[in-house]
Every structure is written in structure tokens, then in C-alpha cells.
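> What follows is structure_27.txt; its format and atoms are compact mmCIF, N, CA and C atoms.
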# COMPACT_ATOMS: atom_id res chain seq x y z
N MET A 1 46.47 7.34 -87.33
CA MET A 1 45.25 8.09 -87.10
C MET A 1 45.34 9.44 -87.83
N LEU A 2 44.24 9.83 -88.44
CA LEU A 2 44.19 11.08 -89.20
C LEU A 2 44.06 12.28 -88.27
N ASP A 3 44.73 13.35 -88.63
CA ASP A 3 44.68 14.58 -87.84
C ASP A 3 43.85 15.62 -88.59
N ILE A 4 42.55 15.36 -88.70
CA ILE A 4 41.63 16.26 -89.40
C ILE A 4 40.61 16.76 -88.39
N ASP A 5 40.43 18.08 -88.32
CA ASP A 5 39.42 18.56 -87.39
C ASP A 5 38.13 18.92 -88.14
N VAL A 6 37.08 19.11 -87.39
CA VAL A 6 35.75 19.32 -87.96
C VAL A 6 35.70 20.53 -88.89
N SER A 7 36.44 21.56 -88.59
CA SER A 7 36.41 22.75 -89.44
C SER A 7 36.96 22.45 -90.84
N VAL A 8 37.96 21.59 -90.92
CA VAL A 8 38.51 21.21 -92.23
C VAL A 8 37.48 20.41 -93.02
N ILE A 9 36.76 19.54 -92.35
CA ILE A 9 35.71 18.77 -93.02
C ILE A 9 34.60 19.70 -93.50
N ARG A 10 34.25 20.67 -92.68
CA ARG A 10 33.21 21.64 -93.08
C ARG A 10 33.66 22.43 -94.31
N ILE A 11 34.91 22.83 -94.34
CA ILE A 11 35.45 23.54 -95.50
C ILE A 11 35.39 22.65 -96.73
N PHE A 12 35.83 21.41 -96.60
CA PHE A 12 35.80 20.46 -97.72
C PHE A 12 34.38 20.30 -98.27
N LEU A 13 33.42 20.11 -97.39
CA LEU A 13 32.03 19.93 -97.83
C LEU A 13 31.48 21.18 -98.50
N THR A 14 31.85 22.34 -98.01
CA THR A 14 31.39 23.59 -98.62
C THR A 14 31.99 23.77 -100.01
N VAL A 15 33.27 23.43 -100.16
CA VAL A 15 33.89 23.51 -101.49
C VAL A 15 33.21 22.51 -102.43
N MET A 16 32.91 21.32 -101.94
CA MET A 16 32.20 20.34 -102.77
C MET A 16 30.85 20.87 -103.22
N ASP A 17 30.11 21.45 -102.29
CA ASP A 17 28.76 21.96 -102.60
C ASP A 17 28.80 23.12 -103.58
N THR A 18 29.75 24.03 -103.39
CA THR A 18 29.79 25.23 -104.22
C THR A 18 30.62 25.05 -105.49
N ARG A 19 31.50 24.05 -105.47
CA ARG A 19 32.44 23.80 -106.58
C ARG A 19 33.36 24.99 -106.81
N SER A 20 33.62 25.74 -105.72
CA SER A 20 34.45 26.93 -105.83
C SER A 20 35.11 27.24 -104.49
N VAL A 21 36.43 27.37 -104.50
CA VAL A 21 37.15 27.75 -103.29
C VAL A 21 36.78 29.17 -102.89
N THR A 22 36.67 30.05 -103.88
CA THR A 22 36.34 31.45 -103.61
C THR A 22 34.96 31.59 -102.99
N LEU A 23 33.97 30.93 -103.57
CA LEU A 23 32.61 31.01 -103.03
C LEU A 23 32.52 30.35 -101.66
N ALA A 24 33.20 29.24 -101.49
CA ALA A 24 33.21 28.58 -100.19
C ALA A 24 33.81 29.50 -99.13
N ALA A 25 34.89 30.17 -99.47
CA ALA A 25 35.52 31.11 -98.53
C ALA A 25 34.54 32.22 -98.14
N GLU A 26 33.83 32.75 -99.12
CA GLU A 26 32.85 33.80 -98.83
C GLU A 26 31.76 33.28 -97.90
N LEU A 27 31.23 32.10 -98.18
CA LEU A 27 30.17 31.54 -97.35
C LEU A 27 30.64 31.24 -95.93
N LEU A 28 31.90 30.89 -95.80
CA LEU A 28 32.46 30.55 -94.48
C LEU A 28 33.10 31.76 -93.79
N ASN A 29 32.94 32.95 -94.40
CA ASN A 29 33.57 34.16 -93.86
C ASN A 29 35.05 33.95 -93.60
N SER A 30 35.71 33.44 -94.61
CA SER A 30 37.12 33.11 -94.50
C SER A 30 37.84 33.62 -95.75
N SER A 31 39.14 33.49 -95.76
CA SER A 31 39.90 33.89 -96.95
C SER A 31 40.10 32.67 -97.86
N THR A 32 40.33 32.94 -99.13
CA THR A 32 40.60 31.83 -100.05
C THR A 32 41.90 31.12 -99.65
N ALA A 33 42.84 31.86 -99.11
CA ALA A 33 44.11 31.26 -98.68
C ALA A 33 43.89 30.26 -97.55
N SER A 34 43.04 30.59 -96.58
CA SER A 34 42.81 29.66 -95.47
C SER A 34 42.03 28.43 -95.93
N VAL A 35 41.12 28.61 -96.88
CA VAL A 35 40.40 27.46 -97.43
C VAL A 35 41.38 26.57 -98.19
N SER A 36 42.25 27.16 -98.97
CA SER A 36 43.26 26.39 -99.71
C SER A 36 44.19 25.63 -98.76
N ARG A 37 44.59 26.27 -97.67
CA ARG A 37 45.44 25.60 -96.68
C ARG A 37 44.73 24.41 -96.05
N ALA A 38 43.45 24.58 -95.74
CA ALA A 38 42.68 23.48 -95.14
C ALA A 38 42.57 22.31 -96.12
N LEU A 39 42.34 22.62 -97.40
CA LEU A 39 42.25 21.55 -98.40
C LEU A 39 43.60 20.85 -98.56
N LYS A 40 44.69 21.61 -98.50
CA LYS A 40 46.02 21.00 -98.59
C LYS A 40 46.25 20.07 -97.41
N LYS A 41 45.84 20.49 -96.22
CA LYS A 41 45.99 19.64 -95.04
C LYS A 41 45.23 18.33 -95.24
N MET A 42 44.03 18.42 -95.79
CA MET A 42 43.23 17.22 -96.02
C MET A 42 43.86 16.35 -97.11
N ARG A 43 44.33 16.98 -98.20
CA ARG A 43 44.99 16.23 -99.27
C ARG A 43 46.21 15.48 -98.73
N ASP A 44 46.99 16.16 -97.92
CA ASP A 44 48.19 15.54 -97.34
C ASP A 44 47.83 14.39 -96.39
N SER A 45 46.78 14.57 -95.60
CA SER A 45 46.37 13.53 -94.65
C SER A 45 45.89 12.27 -95.35
N PHE A 46 45.15 12.46 -96.44
CA PHE A 46 44.60 11.32 -97.17
C PHE A 46 45.50 10.87 -98.33
N ASN A 47 46.56 11.64 -98.60
CA ASN A 47 47.43 11.36 -99.73
C ASN A 47 46.61 11.17 -101.01
N ASP A 48 45.73 12.15 -101.24
CA ASP A 48 44.78 12.09 -102.35
C ASP A 48 44.53 13.50 -102.85
N PRO A 49 44.34 13.68 -104.16
CA PRO A 49 44.10 15.03 -104.67
C PRO A 49 42.73 15.61 -104.28
N LEU A 50 41.79 14.79 -103.83
CA LEU A 50 40.44 15.18 -103.41
C LEU A 50 39.57 15.65 -104.57
N PHE A 51 40.07 16.59 -105.34
CA PHE A 51 39.31 17.13 -106.47
C PHE A 51 40.13 16.95 -107.74
N ILE A 52 39.45 16.68 -108.82
CA ILE A 52 40.11 16.54 -110.11
C ILE A 52 39.49 17.55 -111.06
N ARG A 53 40.32 18.41 -111.62
CA ARG A 53 39.82 19.43 -112.56
C ARG A 53 39.45 18.77 -113.88
N THR A 54 38.35 19.25 -114.43
CA THR A 54 37.93 18.81 -115.76
C THR A 54 37.76 20.04 -116.64
N LYS A 55 37.44 19.83 -117.90
CA LYS A 55 37.22 20.97 -118.79
C LYS A 55 36.04 21.83 -118.32
N LYS A 56 35.10 21.22 -117.62
CA LYS A 56 33.94 21.95 -117.11
C LYS A 56 34.23 22.66 -115.80
N GLY A 57 35.41 22.51 -115.28
CA GLY A 57 35.79 23.17 -114.03
C GLY A 57 36.05 22.18 -112.99
In C-alpha cells, write the structure found in this file.


Amino acid sequence: MLDIDVSVIRIFLTVMDTRSVTLAAELLNSSTASVSRALKKMRDSFNDPLFIRTKKG
């Protein structure tokens, strides 16, 4: 069973929408470090990179 809470999913969706950890952190009134930690938790839970960087960002 996955150990992901709703706040981590909300962070993931905000990063997806904004395409930016920094902007997502600002919108969520959080730090970039806490957003990065949440994404790492999700990556580890799913054993997946979640996002793939391209030349366009």
C-alpha cells in the first residue's frame, strides 16, 4: 500500500500545472525545499522519476 497523503498529491498537481517547483511553492505558501521533499517522497513511493526534463524545461 502506498503511503502518500493528500497534501503530497496537491503539491504534485500544482507542480504539474505550473511546471515549476519554485512557482508551485509560492502558490502553496511553502518553501521550495518542502515541495522538493514531497516530490521525492512521491518518486520513492512510485519508484518513478515523475517528471522528465527536456530542452524546453

> What gap, in Å, lies between atom CA of A:Arg19 and atom CA of A:Thr54?

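Computing it gives 11.8 Å between the two atoms.
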
> Do you know which residues are at most 10 Å from A:Ile11 counting only C-alpha atoms, after dropping those on the same chain fewer than 4 positions away, and could you put them as a ChimeraX atom specification?

/A:6-7,15-17,21,24-25,27-28,30,34-36,38-39

> So how many Å separate atom C of A:Ile9 and atom N of A:Lys55, to one decimal?

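The value is 24.6 Å.
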
> With only C-alpha atoms as the basis for distance, which of A:Asp5, A:Arg43, A:Asp48, A:Thr32 is at the shortest distance from A:Ser20?

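The answer is A:Thr32, which sits nearest to A:Ser20.
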
> What's the separation between atom N of A:Leu23 and atom N of A:Asp44, in Å to one decimal place?

20.5 Å

> Given all atoms listed in the file as the basis, pick out the residue of A:Met42, A:Ser31, A:Leu50, A:Thr22 nearest to A:Val8.

A:Met42

> Among chain A, which residues does DSSP mark as alpha helix (DSSP H) when it is run on the backbone? Keep the chain and numbering as in the structure and answer as a PyMOL selection string.

chain A and resi 6-18+21-27+32-46

> Is it possible to dump chain A as a PDB file, in the first residue's frame, including just C-alpha atoms?


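Written file, decode21.pdb:
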ATOM      1  CA  MET A   1       0.000   0.000   0.000  1.00  0.00           C
ATOM      2  CA  LEU A   2       1.275   3.472  -0.890  1.00  0.00           C
ATOM      3  CA  ASP A   3       1.972   5.963   1.872  1.00  0.00           C
ATOM      4  CA  ILE A   4       1.006   9.173   0.046  1.00  0.00           C
ATOM      5  CA  ASP A   5      -1.112  11.813   1.717  1.00  0.00           C
ATOM      6  CA  VAL A   6      -3.394  14.336   0.047  1.00  0.00           C
ATOM      7  CA  SER A   7      -1.002  17.242   0.561  1.00  0.00           C
ATOM      8  CA  VAL A   8       1.695  15.453  -1.459  1.00  0.00           C
ATOM      9  CA  ILE A   9      -0.781  14.868  -4.287  1.00  0.00           C
ATOM     10  CA  ARG A  10      -1.791  18.535  -4.172  1.00  0.00           C
ATOM     11  CA  ILE A  11       1.869  19.557  -4.404  1.00  0.00           C
ATOM     12  CA  PHE A  12       2.428  17.188  -7.336  1.00  0.00           C
ATOM     13  CA  LEU A  13      -0.591  18.573  -9.214  1.00  0.00           C
ATOM     14  CA  THR A  14       0.489  22.162  -8.585  1.00  0.00           C
ATOM     15  CA  VAL A  15       3.984  21.446  -9.906  1.00  0.00           C
ATOM     16  CA  MET A  16       2.422  19.801 -12.960  1.00  0.00           C
ATOM     17  CA  ASP A  17       0.169  22.805 -13.576  1.00  0.00           C
ATOM     18  CA  THR A  18       2.878  25.424 -13.087  1.00  0.00           C
ATOM     19  CA  ARG A  19       5.785  23.383 -14.494  1.00  0.00           C
ATOM     20  CA  SER A  20       7.889  24.946 -11.740  1.00  0.00           C
ATOM     21  CA  VAL A  21       8.817  23.852  -8.225  1.00  0.00           C
ATOM     22  CA  THR A  22       9.505  27.470  -7.278  1.00  0.00           C
ATOM     23  CA  LEU A  23       6.169  28.775  -8.543  1.00  0.00           C
ATOM     24  CA  ALA A  24       4.300  25.851  -7.010  1.00  0.00           C
ATOM     25  CA  ALA A  25       5.936  26.581  -3.654  1.00  0.00           C
ATOM     26  CA  GLU A  26       4.874  30.225  -3.880  1.00  0.00           C
ATOM     27  CA  LEU A  27       1.285  29.293  -4.747  1.00  0.00           C
ATOM     28  CA  LEU A  28       1.161  26.787  -1.890  1.00  0.00           C
ATOM     29  CA  ASN A  29       2.779  29.223   0.580  1.00  0.00           C
ATOM     30  CA  SER A  30       5.555  26.735   1.100  1.00  0.00           C
ATOM     31  CA  SER A  31       9.304  26.534   0.600  1.00  0.00           C
ATOM     32  CA  THR A  32      10.928  25.043  -2.471  1.00  0.00           C
ATOM     33  CA  ALA A  33      12.698  22.604  -0.145  1.00  0.00           C
ATOM     34  CA  SER A  34       9.422  21.233   1.237  1.00  0.00           C
ATOM     35  CA  VAL A  35       7.972  20.902  -2.270  1.00  0.00           C
ATOM     36  CA  SER A  36      11.110  19.048  -3.367  1.00  0.00           C
ATOM     37  CA  ARG A  37      10.873  16.733  -0.340  1.00  0.00           C
ATOM     38  CA  ALA A  38       7.234  15.955  -1.136  1.00  0.00           C
ATOM     39  CA  LEU A  39       8.120  15.148  -4.748  1.00  0.00           C
ATOM     40  CA  LYS A  40      10.960  12.900  -3.565  1.00  0.00           C
ATOM     41  CA  LYS A  41       8.543  11.059  -1.287  1.00  0.00           C
ATOM     42  CA  MET A  42       6.216  10.515  -4.233  1.00  0.00           C
ATOM     43  CA  ARG A  43       9.082   9.444  -6.545  1.00  0.00           C
ATOM     44  CA  ASP A  44      10.257   6.942  -3.945  1.00  0.00           C
ATOM     45  CA  SER A  45       6.740   5.577  -3.361  1.00  0.00           C
ATOM     46  CA  PHE A  46       6.097   5.031  -7.063  1.00  0.00           C
ATOM     47  CA  ASN A  47       9.721   4.199  -7.939  1.00  0.00           C
ATOM     48  CA  ASP A  48       9.350   6.613 -10.850  1.00  0.00           C
ATOM     49  CA  PRO A  49      11.023   9.907 -11.779  1.00  0.00           C
ATOM     50  CA  LEU A  50       7.544  11.544 -12.215  1.00  0.00           C
ATOM     51  CA  PHE A  51       8.975  14.358 -14.341  1.00  0.00           C
ATOM     52  CA  ILE A  52      11.439  14.177 -17.197  1.00  0.00           C
ATOM     53  CA  ARG A  53      13.464  17.257 -18.086  1.00  0.00           C
ATOM     54  CA  THR A  54      13.597  18.266 -21.718  1.00  0.00           C
ATOM     55  CA  LYS A  55      15.397  21.043 -23.561  1.00  0.00           C
ATOM     56  CA  LYS A  56      12.238  23.137 -23.152  1.00  0.00           C
ATOM     57  CA  GLY A  57      12.324  22.687 -19.385  1.00  0.00           C
TER      58      GLY A  57
END
